[in-house]
>>> print(open('coords_9.tsv').read())   # TSV, C-alpha atoms
chain	number	residue	atom	x	y	z
A	1	MET	CA	115.35	151.55	125.61
A	2	VAL	CA	117.36	152.73	122.66
A	3	ALA	CA	119.12	150.22	120.40
A	4	THR	CA	122.79	151.02	120.01
A	5	LEU	CA	123.86	148.35	117.56
A	6	THR	CA	124.15	149.37	113.93
A	7	ARG	CA	123.72	145.81	112.59
A	8	ASN	CA	121.20	143.08	113.23
A	9	ARG	CA	122.69	140.37	115.46
A	10	ILE	CA	119.93	137.81	115.00
A	11	GLY	CA	121.45	134.56	113.81
A	12	ARG	CA	124.98	135.67	114.61
A	13	ASP	CA	124.95	134.43	118.21
A	14	SER	CA	124.90	130.77	117.23
A	15	PRO	CA	128.11	129.12	116.08
A	16	ALA	CA	128.56	128.47	112.38
A	17	SER	CA	127.76	124.91	111.38
A	18	LEU	CA	130.77	122.71	110.88
A	19	LYS	CA	131.42	121.67	107.31
A	20	ARG	CA	131.80	117.95	106.97
A	21	GLU	CA	134.67	116.55	104.97
A	22	LEU	CA	133.55	115.20	101.61
A	23	PRO	CA	133.00	111.45	101.75
A	24	LYS	CA	135.63	109.26	100.14
A	25	SER	CA	133.63	106.11	99.45
A	26	GLU	CA	130.61	105.67	97.21
A	27	LEU	CA	128.53	104.38	100.12
A	28	GLU	CA	129.35	107.45	102.23
A	29	ARG	CA	128.50	109.77	99.31
A	30	LYS	CA	125.21	107.92	98.78
A	31	GLU	CA	124.36	108.32	102.47
A	32	LEU	CA	125.27	112.01	102.42
A	33	TRP	CA	123.12	112.56	99.32
A	34	GLY	CA	120.23	110.64	100.90
A	35	ASP	CA	120.48	112.73	104.07
A	36	ALA	CA	120.55	116.00	102.10
A	37	VAL	CA	117.49	115.00	100.05
A	38	LEU	CA	115.62	113.93	103.16
A	39	GLU	CA	116.45	117.23	104.91
A	40	ALA	CA	115.25	119.14	101.84
A	41	VAL	CA	111.97	117.21	101.82
A	42	MET	CA	111.54	117.86	105.54
A	43	ALA	CA	112.08	121.59	104.94
A	44	LEU	CA	109.50	121.50	102.14
A	45	ARG	CA	107.13	119.64	104.45
A	46	GLU	CA	107.42	122.45	106.99
A	47	GLN	CA	106.58	124.96	104.26
A	48	LEU	CA	103.27	123.14	103.70
A	49	ASN	CA	102.13	124.74	106.99
A	50	SER	CA	102.72	128.28	105.73
A	51	ARG	CA	99.87	130.77	105.57
A	52	ASN	CA	101.16	131.98	102.20
A	53	GLU	CA	99.40	130.01	99.46
A	54	GLN	CA	102.27	130.51	97.00
A	55	ILE	CA	104.77	128.99	99.42
A	56	VAL	CA	102.47	126.02	100.08
A	57	ALA	CA	101.87	125.50	96.35
A	58	ALA	CA	105.59	125.69	95.53
A	59	ALA	CA	106.49	123.24	98.32
A	60	ALA	CA	103.74	120.81	97.31
A	61	ASN	CA	104.79	121.02	93.67
A	62	SER	CA	108.43	120.33	94.56
A	63	ILE	CA	107.50	117.28	96.62
A	64	LEU	CA	105.18	115.95	93.92
A	65	GLU	CA	107.81	116.49	91.22
A	66	LEU	CA	110.33	114.53	93.28
A	67	GLU	CA	107.78	111.72	93.69
A	68	ARG	CA	106.98	111.71	89.95
A	69	THR	CA	110.68	111.42	89.19
A	70	ARG	CA	111.07	108.61	91.71
A	71	MET	CA	108.11	106.75	90.21
A	72	ARG	CA	109.28	107.30	86.65
A	73	HIS	CA	112.69	105.83	87.47
A	74	ASP	CA	111.24	103.21	89.83
A	75	LYS	CA	113.70	104.05	92.60
A	76	LEU	CA	113.49	103.69	96.35
A	77	ILE	CA	112.84	106.77	98.42
A	78	SER	CA	116.15	108.28	99.48
A	79	GLY	CA	117.26	106.95	102.83
A	80	THR	CA	115.14	103.78	102.69
A	81	HIS	CA	116.40	100.27	102.17
A	82	VAL	CA	113.14	98.48	101.47
A	83	GLN	CA	110.64	98.95	98.68
A	84	MET	CA	107.51	100.66	99.95
A	85	ALA	CA	104.38	98.62	99.43
A	86	PRO	CA	101.89	100.23	97.06
A	87	SER	CA	98.80	101.61	98.72
A	88	GLU	CA	96.65	99.63	96.30
A	89	PRO	CA	97.17	96.49	94.29
A	90	PRO	CA	98.42	97.06	90.75
A	91	PRO	CA	95.70	97.68	88.21
A	92	LEU	CA	94.18	94.77	86.39
A	93	PRO	CA	93.03	94.94	82.80
A	94	ASP	CA	89.56	93.91	83.97
A	95	ASP	CA	89.42	96.75	86.55
A	96	ASP	CA	86.86	98.53	84.39
A	97	PRO	CA	87.07	97.27	80.81
A	98	LYS	CA	84.81	100.00	79.48
A	99	LEU	CA	86.91	102.76	81.05
A	100	LEU	CA	90.14	101.05	80.02
A	101	ASN	CA	88.90	101.05	76.42
A	102	GLU	CA	87.92	104.73	76.70
A	103	HIS	CA	91.45	105.56	77.89
A	104	ALA	CA	92.90	103.50	75.03
A	105	CYS	CA	90.68	105.28	72.49
A	106	GLU	CA	91.80	108.66	73.88
A	107	VAL	CA	95.45	107.59	73.55
A	108	ARG	CA	94.90	106.38	69.97
A	109	LYS	CA	93.40	109.71	68.94
A	110	HIS	CA	96.14	111.70	70.66
A	111	MET	CA	98.99	109.60	69.29
A	112	GLU	CA	97.59	109.86	65.77
A	113	GLN	CA	97.67	113.65	66.11
A	114	LEU	CA	101.11	113.56	67.73
A	115	VAL	CA	102.97	111.18	65.41
A	116	GLY	CA	100.67	111.17	62.39
A	117	ARG	CA	100.02	107.45	62.23
A	118	PRO	CA	97.19	105.36	63.62
A	119	MET	CA	97.80	103.14	66.61
A	120	SER	CA	96.18	99.72	66.81
A	121	GLU	CA	93.61	98.98	69.48
A	122	ALA	CA	95.84	96.30	71.03
A	123	GLU	CA	98.81	98.70	71.05
A	124	SER	CA	96.82	101.41	72.80
A	125	VAL	CA	95.38	99.02	75.41
A	126	ASP	CA	98.89	97.68	76.15
A	127	TYR	CA	100.17	101.26	76.44
A	128	VAL	CA	97.38	102.24	78.87
A	129	VAL	CA	97.86	99.10	81.00
A	130	GLU	CA	101.63	99.70	81.11
A	131	LYS	CA	101.15	103.31	82.27
A	132	LEU	CA	98.56	102.35	84.89
A	133	GLU	CA	100.87	99.67	86.28
A	134	SER	CA	103.86	102.04	86.41
A	135	TRP	CA	101.74	104.68	88.18
A	136	ARG	CA	100.14	102.05	90.44
A	137	VAL	CA	96.62	103.30	89.80
A	138	ARG	CA	93.46	101.71	88.46
A	139	ALA	CA	91.75	102.77	85.26
A	140	SER	CA	88.75	103.88	87.33
A	141	GLN	CA	90.89	106.39	89.23
A	142	ILE	CA	91.36	108.50	86.10
A	143	HIS	CA	88.28	110.25	84.77
A	144	PRO	CA	87.25	109.66	81.16
A	145	GLY	CA	88.98	112.12	78.85
A	146	GLU	CA	91.78	112.85	81.33
A	147	PHE	CA	94.23	110.03	80.59
A	148	VAL	CA	96.30	112.07	78.13
A	149	LYS	CA	96.37	114.94	80.64
A	150	MET	CA	97.69	112.48	83.26
A	151	ILE	CA	100.45	111.36	80.88
A	152	GLY	CA	101.43	115.01	80.47
A	153	LEU	CA	101.46	115.54	84.23
A	154	MET	CA	103.74	112.56	84.62
A	155	ASN	CA	105.98	113.85	81.79
A	156	GLU	CA	105.74	110.50	80.05
A	157	PHE	CA	104.86	111.25	76.43
A	158	THR	CA	106.70	108.81	74.24
A	159	ARG	CA	106.67	108.35	70.52
A	160	LEU	CA	105.41	104.94	69.57
A	161	GLU	CA	107.00	103.91	66.32
>>> encode(input="coords_9.tsv", output="structure tokens")
Amino acid sequence: MVATLTRNRIGRDSPASLKRELPKSELERKELWGDAVLEAVMALREQLNSRNEQIVAAAANSILELERTRMRHDKLISGTHVQMAPSEPPPLPDDDPKLLNEHACEVRKHMEQLVGRPMSEAESVDYVVEKLESWRVRASQIHPGEFVKMIGLMNEFTRLE
């Protein structure tokens, strides 16, 4: 059989999607935004099944970046009305005192290089505990020597003055 059409018709047989009128109220705009974000995440989730490693990596990175932003701003997941329970209890300072001190020492060294002034031991321990609590992880879940790298991944470098 010989094709006689000069243009590809795929996708043209279905009707165009109807554009919704822009919401008037804040609640309606919030719901629209939540729906759009959820649809985007669902599309990214589908891309995780791709055979192309670059597509999978890009989709995973986008989802993780959205989650990092959500955690950093301590916001609910779009479209939810209840706070999700953490998968683990918040870290305790006595989780692994030796490892907690190693993380604090690593932070002290890094901050001294970054801002040019020493950081006290108490300051660095408080900083590490604060970060662990905000990330909802235990000190033992971060390998020795990788705490500063984790701060960088979470885009949370702050100058302590």
>>> closest_residue(input="coords_9.tsv", among="A:Leu44, A:Arg117, A:Lys131, A:Arg108", to="Leu64 in chain A", atoms="all atoms listed in the file")
A:Leu44
>>> atom_distance(input="coords_9.tsv", atom1="CA of Arg45 in chain A", atom2="CA of Glu31 in chain A")
20.7 Å
>>> residues_around(input="coords_9.tsv", residues="His103 in chain A", least_positions_apart="3", cutoff="7 Å", atoms="only C-alpha atoms", output="PyMOL selection string")
chain A and resi 99-100+106-107+128+144+147
>>> residues_around(input="coords_9.tsv", residues="Leu48 in chain A", least_positions_apart="4", cutoff="9 Å", atoms="all atoms listed in the file", output="list in words")
Leu44, Glu53, Ile55, Val56, Ala57, Ala58, Ala59 and Ala60 of chain A
>>> atom_distance(input="coords_9.tsv", atom1="CA of Ala139 in chain A", atom2="CA of Glu65 in chain A")
21.9 Å
>>> residues_around(input="coords_9.tsv", residues="Asp96 in chain A", least_positions_apart="5", cutoff="10 Å", atoms="all atoms listed in the file", output="ChimeraX atom specification")
/A:91,101-102,138-140
>>> atom_distance(input="coords_9.tsv", atom1="CA of Ala104 in chain A", atom2="CA of Glu121 in chain A")
7.2 Å
>>> closest_residue(input="coords_9.tsv", among="A:Pro97, A:Glu21, A:Val148, A:Glu28", to="Lys109 in chain A", atoms="all atoms listed in the file")
A:Val148
